[in-house]
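Q: Encoded as structure tokens, here's the structure I'll be asking about.
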Amino acid sequence: MMSVKSRFRTLLLPLILIAQPGVTWTFSPVALRSRKANRITPLFGWGPDPVWGAAKVEYSVPSPFHDECVHLRVSVPPGVEDAAKFEIPGQYVQVKIAGDDECKPSFIAVANSIQSVEEEGCYEFLIKKTENNSWCTDTKEGDLLDVSQILGGGFPVAENFDGFKFDFPTQNILMFASGTGIAPIRSVIESGVLKPDSGRSCRLYYGCRSPSEMAYAERFAEWEAAGVQVVPVVSQPEGTGWNGRTGYIQNALEEDGVVAPKNCGAIMCGMKGMADSVKDVLGKAGVIEGRVLTNF
């Protein structure tokens, strides 16, 4: 029988740790014995264990509108789709050095559309360079990376926005992204799940420090043409010549207000501070909590 102390420890876990923009890590007390080294190691991560497959790098190029990011495109590894397919924008994969069981995997959201993955058999990622991920950001065509099956629940837009789960179907959609959190938002927009041609209004608030860190700016005109209003917000505009909105996206939302909050849905990905502040503004305005979607 489990002791009182053991029960108490179980109730305290898992602990939620914020590891990077748009990603939540869960520490579980479960210990796994490594067959290779016959040692006990803690298990970190979400959901099911990864099913690894070798993915070939198709390209890794600098982001034209973000000085510190690269666009990485890899083939969908053979066999991993048998475990789980990319079906909901906002889902992610784990990525690590090919064949290296000691490598700590990165959790990376798929940036391209569902249709692109199906038709072209590839995943696209937006990755910010750090001191520890050159194994991923410095790859070249033909290199191999280990990539897992699709993981996570993504942004369940159809379930929460299209039907009568909470109220009448949502007619106004607000999106919020900061930093590389724009990657899964790109997938939402380009997968067509927002349905702006049905009469919905769709607006994206995108926060970054400067215009030189505005990933996917080359796609803004395309998104606007598809019915998504893009509102870039720069927090450090000094000396950049930026003439658009400044400050933080939660402040921009407060300035603009939330039209018909009971008929509004929200999608967000980015820094925890941003997400918490935006949720607070939306909640005070009267947006239904179940219609505020995150992928973490």
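To be explicit about the labels: the chains of the structure tokens are called A, B, and onward in the order shown, and within each one the residues are counted from 1, while ligands get numbers from 1 in the order they are shown.
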Please, which residues of segment 77-125 of chain A, numbered as in this document, come out helix (DSSP H, G or I) from DSSP, as a list in words?

A: Val80, Glu81, Asp82, Ile114, Gln115, Ser116, Val117, Glu118, Glu119 and Glu120 of chain A

Q: Near segment 153-163 of chain A, within 7 Å and counting only C-alpha atoms, which residues show up once chain neighbours fewer than 4 positions away are dropped, as a ChimeraX atom specification?

A: /A:88-91,168-170,193,265,291,293-295

Q: Applying 8 Å and only C-alpha atoms, which residues near segment 247-255 of chain A remain after dropping the ones on its own chain fewer than 6 positions away? List them as a ChimeraX atom specification.

A: /A:176,205-207,233-236,274,277-278,281

Q: Which residue out of A:Met271, A:Cys136, A:Ala98, A:Val147 has the minimum interatomic distance to Gly179 of chain A when only C-alpha atoms are used?

A: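 With only C-alpha atoms as the atom set, the closest residue is A:Met271.
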
Q: Between A:Lys272, A:Arg200, A:Lys129, A:Arg219, which has the minimum distance to Ala177 of chain A (counting only C-alpha atoms)?

A: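 Closest to Ala177 of chain A of all the choices is A:Lys272.
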
Q: Just give me the gap between atom CA of Gly273 of chain A and atom CA of Val230 of chain A in Å, one decimal is fine.

A: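 A separation of 21.2 Å between them.
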